Structure formats: C-alpha cells, structure tokens
Amino acid sequence: MMNKNEFNILNNLYNGSKGRTSCSFDVANIKAIKDMIAYNELIDEGLISKDNGSLTKAGIKALEPYKVDNAIILAAGAATRFIPLSLEQPKGLFEVKGEKLIERQIMQLQAAGINDITVVLGYKKEMFFYLKDKYNVKFVINDLFNIKNNIESIYLARNDLNNTYVCVSDSYFVENPFNQYEYQSFNAGISIEERSNEMYVDTDSQGRIYRMEKDCEKGQILLGHAFWKKDFSDAFVKIVEDDRTVGKYNNSFWEWLVSDKLEELPPFYFKEYVCGNIFEFDYFEELRKFDAHYLGNTNSEIIRNIKLVFRCDEEDIINFRNVSKGMTNTSFIFQIDGVDYIYRHPGDGTESIISRRNEKTSLIKAKEIGIDPTYVYADVNEGWKVSVFVSEFREPNYDSFEDSKKVISVLRKLHTSGVKVGYGMRAWEDSLVTEELLKKKNPECFKKYENLKQKIENLYNKTLGDGVEKCFCHGDTYQPNWMLKPDGDVILIDWEYSGFSDPGIDIGYYIVDAMYDFDEAERFIKEYLQDTYTEKRYFHFMAYVAIIAYYWFVWALYRESCGAVMGEALINWKNMAEKYVDYLLSQ
C-alpha cells in the first residue's frame, strides 16, 4: 500500500493526463508536488515514466484500489435559514454566477469521472426532476425531510453508499475538488482565524480527526464535500440502524453522529483546501456578497412584492431573518430604512380553506378599531402579507388570570365593535367542508372519527337559538397570536379565520389551546360574560370549547394530508373535543 504522499503525486499525474489541474488548491497536493524525493522513488518503482513523467500502466493500476464508486448529493432540505429565496425554490437550484449550484456540482463530478450520481430529494422535489434527463442522475425521495435531518437522507440512500462522495447541493467550488481516486475517508474544509457557525475539528499529525465541536474562536472547519470509504460507509449505516428505534439523531446533521462516534468509526480525516475555493451559503446576505447579481436582480417574486409595497430598490431590502414556521404559514423578517417588517408567505393548501380577500378586509377593520395596528399590506390573490414587526412583547401566560383578563378585555372590545362583514367562520359547518376535502383524497379516512362527529353535532344543535348573537370575531385566538407589550398595549394578530361569527369560537379556542380543565374554563367564561351571565349563555360558550377543538382537529387532519406536520397539536385538539363534549352531554 502506498503512502498518502505517493498517492497524491500519482493522483496529480492522473488528473493532469485528463487535462485537470483543479486539485492544486488541495493543501496536501501542493505539498506532494514539491516532494521530489518521493517522485523519484515512484519513477524507480516503475509507476511514473522516467522518459516523460507520465503515469505508467503500473501507476494507473496502483491507483485502482482507491477508485471512487459514486456520489450522493443531499438536496432534500428546505433551507429555512435562506429565506426568502428558499420559499420559492430549493437552494440547490439557485443560480450563482450564471450556473445552478447543483448543476455545477454534477458537472464537476462528471468531469472527474464520477458518473454514478444519486440525488436525495424532499422539499419541492419536482423542481429537480429535469436533472434525470439532463444529467442521467438517480433520485431517492425523503418524504420526512421536514421532521428529520440529513441523516435520514443518507440512510435512505444507504444502498448507494460504497466508496462514495457525500455532497450537499448548495456547495460552490471555484475549482473542481473531485477526483477519480481518493486515498482515505475525509471531510473537506479550510482553516480560519475567526468564529463561524461551522463544525470545528482537531486533528493529529496525520490529519486524522479526533475531536469535532462548535463555537470555537478559530481553527479548522468542515466545509464542502466528504468522501467515505466502504468501511466507513458500512459502519455509519450500522450506527444509524441501531439508532432508528431510539431516534437520538433524528434532528441532527450527519456530522453530529460522526462527532459522537469518532472512536467507533474507521479513521476519518480532515482534507484542507485553500481558502476562497469552497463556499456554502447559509444566508441570503452571504450570497449577495459573493454574487453581486443578487443585490439588484434576484428574480424573486417575494422580493418583487416587497419592492412594490415600499417603492424601493432590491438592495434597500436587507437583514433577512427567519421566523419559526407557524401551523399555517411561513414568515420572515426584513428591514428597510432601519424599520423591521414581517412577511407572511402562505402555506400549501391554505387557498382551499382561507379567503385572502376576506382576511384583508378583516385586517383593515382590525387596524381601524385599534386591535391590530401592525397591518401594512395584504395581497388577495397570492395570500402574502406585510406587517410591522413588533420586537418587544410577550405572549400571555395561560396560568396567569391577570393575563387572561387582558385578553378578555380585547375580545370584548372586538365583539362589541359593531363591525359587520359578509363572511365568517362557522365552526361546525366548516368542519364538514374540510371533511369533504379530506375524503376526496381518501374516502375511508374519516370512518374512525364518526362517533366523535355525531357527538359534536348533537352538542352544536343544543346551542342553536339560545340568543347568543354573532359578531366580529378573530377565529384563531391561540397564544402565539397575542402580543402583550411592555407599555400595556395588547395586540391581536393574524386574521385568516376572522369574520362575522359566533363569539364562542374566540373564547373556546383560547381555552382549548390553554388546555384548561372545566373549572378554569368556567372562570374564564364568567369573566368574559360578567353581567350578561346566564346558565344558557354559559353552556353555549362551554359547548364551543368542544366545537372549535373539533374544527381545528379536522383542519389539522387536512393540513397533514397536504404535507404539514401537526404533531402534538392534532392530538390535543382531538382530546379537548372528546373531553368537553362528553362532559357537557352527560350533564
């Protein structure tokens, strides 16, 4: 077996014979080129021709044990840190300096003789499908991309793991880093003198990684591609398989598993490259610095929307920050002239259950009556919205009755505002409409919920004609839609489900989200009713705890059928509907 320096010399000569000199920015190759003693020894061994300095047949044969079998490109993630562009297309399809990131990488792999390429897809996967015909790549689909991290993608592609390059679709290599042959398992990277968000590594004198950690002041960081020899691939897959029942690494990048298991895995090395040749763009502002094209012409519909609202240039829109994805939509913060705003991007499938025209009317009304002063603009056709971003506030504490009284005061103001609109949520009837949307996808999906449905219908019928009048309502009064500001103001945001509706919807849903028991719900309702309290009105609002919980449960089933992950919320809504309907019907 040849040593690493000898391999690098032979590999350089092989690349040169193919017209490739790209490996010159690999630090180890730079050193190998200068090692004339090793070079002459390889001539003596007959691996390099002493006549013209080219590889001999024996030299090529000596490289064969190090041949790269294939490459896997991970492209399933939604790149949520790369808003707003990632809302419109996967990051691997961004065009950087005239080339799409993933296409450039595929072409670099193929130029190095790596033609067996598997791309793992998830988020907006259909947008990648053209690559199959254009580059003859294979696809693996990761349908859990939004709830698991890239370890799942690698595991799904485990049958393609041999002597394999493991790449990410959003890397940009100034020069081609790939080779037909690789000596050992490694992760590419560079040395830096500043803090970064990347993984730092410590290595021994041979470059073997013995520690990996975050949050260092300077050092060697992992950046770009990796190469796994067959023994490393097999060991990695074995550890993942052992973890699948526990799920410790479900939400981890694969580097975290390697960090924890360095002593169990075969040797893993750091392959250092010269700075300025490997780039990964984690945030939109980083891409703007690298490619000036993105300062003034992103071809982004979202950026265009913001430009039209504020009558500004693209370069005036800065400081993009992601906001955790809500149950319905995705949002991000941006800044213009020192003022922060928030942009709401509508979730998939919401156009079937939300009228954006009605929502806009409610936003205007809510601003007029002083309940939501944040509204700036809403588009009735595409569903996007711009609001002023409120930085200092807290959500109400469900355990604080003082907070409850603040919330109730706003709800009374809303319900007695006298605003009348020609639309509104009808919790029971709307749940039936959503149920039909579900049945179009799967006619049998609702059978197991028929008993609960019948109970809710029975309870709903008991509220009809009891004298509780409809009024202007919010419809979605759960905790994240409330802002309690330090100055005492209370703001209620997000009016997608608003309209002329039963006030029990607003009262009931706050109780549902707080998961109040019966005595806590009674206290909340009595505080709201005050001198209008009657047993009949009290029953009405208690009934709507069950009715609105059921509505949101059916809504959650529909959202999951559209690909959203509702998780514990779906279960809580179902449990609250069952708990309250059984309690009230037993009275």
# chains A, B, ... in the order shown; residues from 1 in each chain; ligands from 1
call {"tool": "select_by_dssp", "arguments": {"residues": "segment 289-323 of chain A", "states": "helix (DSSP H, G or I)", "output": "list in words"}}
result
Lys289, Phe290, His293, Tyr294, Leu295, Gly296, Glu301, Ile302, Ile303, Arg304, Asn305, Ile306, Lys307, Leu308, Val309, Phe310, Glu314, Glu315 and Asp316 of chain A
call {"tool": "write_last_selection", "arguments": {"atoms": "N, CA and C atoms", "output": "short mmCIF file (atom, residue, chain, number, x, y, z; two decimals), in the first residue's frame"}}
result
data_model
loop_
_atom_site.label_atom_id
_atom_site.label_comp_id
_atom_site.auth_asym_id
_atom_site.auth_seq_id
_atom_site.Cartn_x
_atom_site.Cartn_y
_atom_site.Cartn_z
N LYS A 289 -23.13 38.94 -1.06
CA LYS A 289 -21.73 39.37 -1.02
C LYS A 289 -20.91 38.64 -2.08
N PHE A 290 -21.25 37.39 -2.36
CA PHE A 290 -20.47 36.58 -3.30
C PHE A 290 -20.83 36.88 -4.75
N HIS A 293 -24.99 39.99 -8.52
CA HIS A 293 -26.26 39.88 -9.25
C HIS A 293 -27.44 39.89 -8.29
N TYR A 294 -27.24 39.33 -7.08
CA TYR A 294 -28.34 39.21 -6.13
C TYR A 294 -28.62 40.50 -5.38
N LEU A 295 -27.84 41.54 -5.61
CA LEU A 295 -28.14 42.82 -4.99
C LEU A 295 -29.33 43.51 -5.64
N GLY A 296 -29.42 43.39 -6.96
CA GLY A 296 -30.45 44.16 -7.65
C GLY A 296 -31.40 43.37 -8.51
N GLU A 301 -40.04 36.56 -6.76
CA GLU A 301 -41.36 37.16 -6.69
C GLU A 301 -41.60 37.80 -5.32
N ILE A 302 -41.06 37.19 -4.28
CA ILE A 302 -41.23 37.73 -2.94
C ILE A 302 -40.54 39.07 -2.81
N ILE A 303 -39.31 39.17 -3.30
CA ILE A 303 -38.59 40.45 -3.26
C ILE A 303 -39.33 41.49 -4.11
N ARG A 304 -39.86 41.04 -5.25
CA ARG A 304 -40.63 41.95 -6.10
C ARG A 304 -41.84 42.49 -5.35
N ASN A 305 -42.51 41.62 -4.61
CA ASN A 305 -43.68 42.05 -3.83
C ASN A 305 -43.31 43.14 -2.83
N ILE A 306 -42.22 42.93 -2.13
CA ILE A 306 -41.78 43.92 -1.13
C ILE A 306 -41.42 45.23 -1.80
N LYS A 307 -40.75 45.16 -2.94
CA LYS A 307 -40.39 46.37 -3.69
C LYS A 307 -41.63 47.18 -4.04
N LEU A 308 -42.67 46.48 -4.49
CA LEU A 308 -43.89 47.17 -4.91
C LEU A 308 -44.60 47.83 -3.73
N VAL A 309 -44.59 47.18 -2.58
CA VAL A 309 -45.25 47.75 -1.40
C VAL A 309 -44.54 49.01 -0.93
N PHE A 310 -43.22 48.97 -0.91
CA PHE A 310 -42.46 50.08 -0.31
C PHE A 310 -41.84 51.02 -1.36
N GLU A 314 -34.15 46.70 -4.68
CA GLU A 314 -33.86 45.44 -4.01
C GLU A 314 -32.77 45.57 -2.97
N GLU A 315 -31.74 46.37 -3.28
CA GLU A 315 -30.64 46.49 -2.33
C GLU A 315 -31.04 47.23 -1.06
N ASP A 316 -32.21 47.88 -1.05
CA ASP A 316 -32.71 48.54 0.16
C ASP A 316 -33.31 47.54 1.15
#
call {"tool": "closest_atom_pairs", "arguments": {"of": "segment 486-548 of chain A", "to": "segment 462-469 of chain A", "cutoff": "7 Å", "atoms": "only C-alpha atoms", "output": "Markdown table"}}
result
| residue | atom | partner | partner_atom | distance |
| --- | --- | --- | --- | --- |
| A:Asp502 | CA | A:Glu469 | CA | 6.9 |
| A:Lys536 | CA | A:Asp466 | CA | 6.8 |
| A:Arg537 | CA | A:Val468 | CA | 6.8 |
| A:His540 | CA | A:Thr463 | CA | 5.6 |
call {"tool": "write_last_selection", "arguments": {"atoms": "N, CA and C atoms", "output": "JSON list (two decimals), in the first residue's frame"}}
result
[["chain", "number", "residue", "atom", "x", "y", "z"],
["A", 502, "ASP", "N", -69.67, 33.26, 15.54],
["A", 502, "ASP", "CA", -70.10, 33.04, 16.92],
["A", 502, "ASP", "C", -68.95, 33.38, 17.86],
["A", 536, "LYS", "N", -77.72, 29.57, 30.33],
["A", 536, "LYS", "CA", -77.81, 29.22, 28.91],
["A", 536, "LYS", "C", -76.59, 29.75, 28.14],
["A", 537, "ARG", "N", -76.21, 31.00, 28.44],
["A", 537, "ARG", "CA", -75.05, 31.58, 27.75],
["A", 537, "ARG", "C", -73.76, 30.87, 28.18],
["A", 540, "HIS", "N", -73.48, 27.70, 26.30],
["A", 540, "HIS", "CA", -73.13, 27.98, 24.90],
["A", 540, "HIS", "C", -71.61, 28.08, 24.75]]
call {"tool": "closest_residue", "arguments": {"among": "A:Ser498, A:Ser355, A:Gln335, A:Ser233", "to": "Ser387 of chain A", "atoms": "only C-alpha atoms"}}
result
A:Gln335
call {"tool": "residues_around", "arguments": {"residues": "Leu87 of chain A", "least_positions_apart": "6", "cutoff": "8 Å", "atoms": "only C-alpha atoms", "output": "PyMOL selection string"}}
result
chain A and resi 78+80+345
call {"tool": "write_last_selection", "arguments": {"atoms": "C-alpha atoms", "output": "mmCIF file, in the first residue's frame"}}
result
data_model
loop_
_atom_site.group_PDB
_atom_site.id
_atom_site.type_symbol
_atom_site.label_atom_id
_atom_site.label_comp_id
_atom_site.auth_asym_id
_atom_site.auth_seq_id
_atom_site.Cartn_x
_atom_site.Cartn_y
_atom_site.Cartn_z
ATOM 1 C CA ALA A 78 -35.976 23.302 2.885
ATOM 2 C CA THR A 80 -35.208 27.681 6.144
ATOM 3 C CA HIS A 345 -45.799 33.503 2.965
#
call {"tool": "residues_around", "arguments": {"residues": "Tyr249 of chain A", "least_positions_apart": "3", "cutoff": "9 Å", "atoms": "only C-alpha atoms", "output": "ChimeraX atom specification"}}
result
/A:148-149,151-152,240,243-244,246,252-254,256-257
call {"tool": "residues_around", "arguments": {"residues": "Tyr398 of chain A", "least_positions_apart": "4", "cutoff": "8 Å", "atoms": "only C-alpha atoms", "output": "list of chain:residue names"}}
result
A:Asp403, A:Ser404, A:Ala514
call {"tool": "residues_around", "arguments": {"residues": "segment 259-267 of chain A", "least_positions_apart": "2", "cutoff": "8 Å", "atoms": "only C-alpha atoms", "output": "mmCIF file with C-alpha atoms, in the first residue's frame"}}
result
data_model
loop_
_atom_site.group_PDB
_atom_site.id
_atom_site.type_symbol
_atom_site.label_atom_id
_atom_site.label_comp_id
_atom_site.auth_asym_id
_atom_site.auth_seq_id
_atom_site.Cartn_x
_atom_site.Cartn_y
_atom_site.Cartn_z
ATOM 1 C CA SER A 185 -12.226 8.911 4.236
ATOM 2 C CA ARG A 208 -6.985 12.304 11.423
ATOM 3 C CA ILE A 209 -9.914 13.974 13.201
ATOM 4 C CA TYR A 210 -10.057 13.180 16.905
ATOM 5 C CA ARG A 211 -12.453 15.894 18.076
ATOM 6 C CA MET A 212 -15.309 17.831 16.490
ATOM 7 C CA GLU A 213 -17.022 20.792 18.180
ATOM 8 C CA ASP A 231 -15.686 0.547 5.587
ATOM 9 C CA PHE A 232 -16.702 3.993 6.832
ATOM 10 C CA ALA A 235 -20.010 1.488 9.901
ATOM 11 C CA PHE A 236 -22.041 4.698 9.618
ATOM 12 C CA GLU A 255 -21.579 15.337 11.286
ATOM 13 C CA TRP A 256 -23.005 15.222 14.813
ATOM 14 C CA LEU A 257 -23.267 11.440 14.718
ATOM 15 C CA TYR A 269 -9.546 12.704 8.147
#
call {"tool": "residues_around", "arguments": {"residues": "Leu585 of chain A", "least_positions_apart": "4", "cutoff": "10 Å", "atoms": "only C-alpha atoms", "output": "list in words"}}
result
Lys455, Ile456, Asn458, Leu459, Lys462, Ala543, Tyr580 and Val581 of chain A
call {"tool": "closest_residue", "arguments": {"among": "A:Asn381, A:Ile369, A:Arg158, A:Asn397", "to": "Thr416 of chain A", "atoms": "only C-alpha atoms"}}
result
A:Ile369
call {"tool": "select_by_dssp", "arguments": {"residues": "segment 78-297 of chain A", "states": "strand (DSSP E)", "output": "ChimeraX atom specification"}}
result
/A:95-96,99-100,117-121,138-141,164-168,171-173,186-192,200-203,209-213,219-228,269-272,278-280
call {"tool": "atom_distance", "arguments": {"atom1": "atom CA of Lys214 of chain A", "atom2": "atom CA of Tyr200 of chain A"}}
result
5.8 Å
call {"tool": "closest_residue", "arguments": {"among": "A:Phe139, A:Tyr172, A:Tyr510, A:Tyr66", "to": "Met107 of chain A", "atoms": "only C-alpha atoms"}}
result
A:Tyr172
call {"tool": "atom_distance", "arguments": {"atom1": "atom CA of Lys67 of chain A", "atom2": "atom CA of Tyr273 of chain A"}}
result
20.8 Å
call {"tool": "closest_residue", "arguments": {"among": "A:Glu198, A:Asp170, A:Glu522, A:Asp489", "to": "Glu103 of chain A", "atoms": "only C-alpha atoms"}}
result
A:Asp170
call {"tool": "closest_residue", "arguments": {"among": "A:Arg394, A:Ala549, A:Ile278, A:Leu492", "to": "Ile511 of chain A", "atoms": "only C-alpha atoms"}}
result
A:Ala549
call {"tool": "atom_distance", "arguments": {"atom1": "atom CA of Val201 of chain A", "atom2": "atom CA of Ile239 of chain A"}}
result
21.1 Å
